[in-house]
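Visitor: There's a structure below that I have some questions on.
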Amino acid sequence: MSDLFNALLLGIIEGLTEFLPISSTGHLLIAQHWLGARSDLFNISIQAGAILAITLVYRERLWQLATGWGVAAQRDYLLKIAVAFAVTAVVGLPVRLLGWELPETVTPIAWALVIGGVWMLVAERLAERGPPSDTVTWKIVVAVGLAQVLAGVFPGTSRSAAAIFIAMLLGLNNKPRAAEFVFLVGIPTMFAASGYALLETLLEGQAGDEDWAGLAVAFVAATATGFAAVRWLLRYITTHRFAPFAWYRIGLGVALLLGLPAGG
């Protein structure tokens with residue numbers, strides 16, 4: 001029962017932090033220091049639970065895109081989502097196979113939190129200087145795909161933060177619009193990552209070692225809390241800046257570098 005409760009807490013933490021630009025990886029690292037380390041399949045699958053929340057939040061938009069193939073604007077937007085995902089897949093798969101990523105340990109994640117927080121403060125200021133725009137250009141499409149790969153290489157970066165802020169810097173400074181595009185690109189990205197991790201687990205014969213009950217509990221918790229977090233974030237950024245999230249990242253990163261609370 002205690003193990004299921006721990007899995008529940010990890011699912012809640014994942015759902016709350018996956019879409020807020022504060023790094024779910026960093027928070028799961030801290031949580032797993034006390035609640036016990038989990039497999040890669042567990043961590044990636046509960047991310048997919050959070051991504052499932054996006055399909056619920058944007059269900060009307062997704063239906064609009066699916067049934068609006070005959071409308072040029074809808075077809076163009078759907079194609080841009082597909083291309084951004086393709087960029088992530090084409091670049092990200094070789095990166096993963098070659099093992100080009102920093103270890104998910106305290107120090108690199110802490111530095112990623114601090115540097116990412118500073119980057120957010122600067123990027124938001126620079127983006128606000130440009131003319132208002134809600135247009136997703138092809139340059140933004142490619143950059144968002146690459147930003148997702150970058151977030152995978154540097155744990156603690158935050159996939160949503162990296163992609164949203166690069167989109168804003170390249171001209172998409174309508175924050176809800178930037179978040180929508182990044183979140184919709186995240187749907188195939190994270191489901192593909194979860195499927196890949198599941199395939200690896202099955203091929204390596206590790207399926208019997210997985211805590212499937214705990215994974216299921218965490219998946220449901222991540223979906224429910226992710227849904228609530230996204231709905232709140234989309235309302236928040238219509239009238240507020242991202243700065244509080246940036247300062248939170250910087251504070252958490254500094255605390256980790258000082259050895260708190262994860263023990264150095």
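If you're wondering about the labels, chains in the structure tokens are A, B, ... by order shown, residues count from 1 in each chain, ligands from 1 in order shown.
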Please report, as CSV, each residue of segment 11-126 of chain A lying at most 7 Å from segment 155-179 of chain A, together with the nearest pair of atoms and the separation in Å rounded to one decimal; use only C-alpha atoms, and order rows by chain and ascending residue number.
Guide:
residue,atom,partner,partner_atom,distance
A:Phe19,CA,A:Ser160,CA,6.0
A:Pro21,CA,A:Ala161,CA,4.6
A:Ile22,CA,A:Ser158,CA,6.2
A:Ser23,CA,A:Ser158,CA,4.2
A:Ser24,CA,A:Ser158,CA,6.9
A:Thr25,CA,A:Gly156,CA,5.6
A:Gly26,CA,A:Gly156,CA,5.1
A:Leu102,CA,A:Pro155,CA,6.8
A:Glu104,CA,A:Pro155,CA,6.1
A:Ile109,CA,A:Gly156,CA,4.6
A:Ala112,CA,A:Gly156,CA,5.2
A:Leu113,CA,A:Gly156,CA,5.6
A:Gly116,CA,A:Thr157,CA,6.0
A:Met120,CA,A:Phe165,CA,6.9
A:Ala123,CA,A:Leu169,CA,6.3
A:Leu126,CA,A:Leu169,CA,6.9
Visitor: I need the chosen residues saved as a short mmCIF file (atom, residue, chain, number, x, y, z; two decimals), in the first residue's frame, with N, CA, C and O atoms.
Guide:
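selection-v9.cif, freshly written:
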data_model
loop_
_atom_site.label_atom_id
_atom_site.label_comp_id
_atom_site.auth_asym_id
_atom_site.auth_seq_id
_atom_site.Cartn_x
_atom_site.Cartn_y
_atom_site.Cartn_z
N PHE A 19 3.72 20.56 -17.42
CA PHE A 19 3.37 21.65 -18.32
C PHE A 19 3.73 23.02 -17.77
O PHE A 19 3.87 23.98 -18.53
N PRO A 21 6.44 25.58 -16.66
CA PRO A 21 7.83 25.64 -17.15
C PRO A 21 8.86 25.56 -16.03
O PRO A 21 9.73 26.43 -15.89
N ILE A 22 8.75 24.51 -15.19
CA ILE A 22 9.63 24.41 -14.02
C ILE A 22 10.38 23.08 -13.97
O ILE A 22 11.09 22.82 -13.01
N SER A 23 10.22 22.24 -14.98
CA SER A 23 10.93 20.96 -15.12
C SER A 23 10.34 19.84 -14.25
O SER A 23 10.57 19.78 -13.04
N SER A 24 9.61 18.95 -14.91
CA SER A 24 9.09 17.78 -14.20
C SER A 24 10.23 16.85 -13.79
O SER A 24 10.18 16.22 -12.74
N THR A 25 11.28 16.76 -14.63
CA THR A 25 12.42 15.88 -14.33
C THR A 25 13.07 16.27 -13.01
O THR A 25 13.37 15.42 -12.16
N GLY A 26 13.30 17.57 -12.83
CA GLY A 26 13.92 18.04 -11.59
C GLY A 26 13.09 17.72 -10.37
O GLY A 26 13.61 17.28 -9.34
N LEU A 102 22.91 14.32 -20.56
CA LEU A 102 23.53 14.42 -19.25
C LEU A 102 22.81 13.48 -18.28
O LEU A 102 21.62 13.21 -18.44
N GLU A 104 20.76 12.13 -15.09
CA GLU A 104 19.69 12.74 -14.29
C GLU A 104 20.11 12.74 -12.82
O GLU A 104 19.53 12.05 -11.99
N ILE A 109 21.02 18.91 -13.27
CA ILE A 109 19.63 19.36 -13.27
C ILE A 109 19.51 20.71 -12.57
O ILE A 109 18.78 21.60 -13.02
N ALA A 112 20.68 23.35 -14.89
CA ALA A 112 19.69 23.55 -15.94
C ALA A 112 18.51 24.37 -15.43
O ALA A 112 17.96 25.21 -16.15
N LEU A 113 18.12 24.15 -14.18
CA LEU A 113 17.04 24.94 -13.59
C LEU A 113 17.42 26.42 -13.49
O LEU A 113 16.65 27.30 -13.85
N GLY A 116 18.02 27.89 -17.06
CA GLY A 116 16.71 28.00 -17.71
C GLY A 116 15.87 29.12 -17.14
O GLY A 116 15.15 29.79 -17.87
N MET A 120 14.51 32.30 -19.24
CA MET A 120 13.10 32.67 -19.31
C MET A 120 12.89 34.16 -19.06
O MET A 120 12.11 34.83 -19.75
N ALA A 123 14.32 35.97 -22.17
CA ALA A 123 13.55 35.69 -23.39
C ALA A 123 12.19 36.36 -23.37
O ALA A 123 11.73 36.89 -24.40
N LEU A 126 12.63 40.07 -24.14
CA LEU A 126 12.94 40.29 -25.55
C LEU A 126 11.72 40.05 -26.43
O LEU A 126 11.48 40.80 -27.38
#
Visitor: Mind dumping a table of every segment 47-138 of chain A residue within 12 Å of segment 218-225 of chain A, with the nearest atom pair and its distance in Å to one decimal, using only C-alpha atoms, sorted by chain and rising number, as a tab-separated table?
Guide:
residue	atom	partner	partner_atom	distance
A:Gln47	CA	A:Ala222	CA	7.3
A:Ala48	CA	A:Phe219	CA	7.6
A:Gly49	CA	A:Thr223	CA	4.7
A:Ala50	CA	A:Thr223	CA	4.6
A:Ile51	CA	A:Thr223	CA	7.2
A:Leu52	CA	A:Thr223	CA	6.1
A:Ala53	CA	A:Thr223	CA	5.0
A:Ile54	CA	A:Thr223	CA	8.6
A:Thr55	CA	A:Thr223	CA	10.0
A:Leu56	CA	A:Thr223	CA	9.3
A:Val57	CA	A:Thr223	CA	10.7
Visitor: Would you save the residues from that selection as a JSON list (two decimals), in the first residue's frame, using C-alpha atoms?
Guide:
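What follows is the written file result22.json:
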[["chain", "number", "residue", "atom", "x", "y", "z"],
["A", 47, "GLN", "CA", 4.64, 11.72, -18.64],
["A", 48, "ALA", "CA", 2.33, 10.17, -21.23],
["A", 49, "GLY", "CA", -0.42, 10.30, -18.62],
["A", 50, "ALA", "CA", 0.15, 14.03, -18.33],
["A", 51, "ILE", "CA", 0.12, 14.33, -22.12],
["A", 52, "LEU", "CA", -3.23, 12.51, -22.18],
["A", 53, "ALA", "CA", -4.51, 15.45, -20.16],
["A", 54, "ILE", "CA", -3.61, 17.72, -23.10],
["A", 55, "THR", "CA", -5.84, 15.72, -25.43],
["A", 56, "LEU", "CA", -8.70, 16.31, -22.98],
["A", 57, "VAL", "CA", -8.00, 20.03, -22.57]]
Visitor: Please run DSSP on the backbone and report, as JSON, numbers by chain, all residues within segment 43-105 of chain A that come out as helix (DSSP H, G or I).
Guide: {"A": [43, 44, 45, 46, 47, 48, 49, 50, 51, 52, 53, 54, 55, 56, 57, 59, 60, 61, 62, 63, 64, 65, 66, 67, 72, 73, 74, 75, 76, 77, 78, 79, 80, 81, 82, 83, 84, 85, 86, 87, 88, 89, 90, 91, 92, 93, 94, 95, 96, 97, 98]}
Visitor: Just checking: using only C-alpha atoms, which residue out of A:Tyr77, A:Leu62, A:Ile12, A:Ser2 ends up closest to Leu35 of chain A?
Guide: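 For Leu35 of chain A, the nearest of the candidates is A:Ser2.
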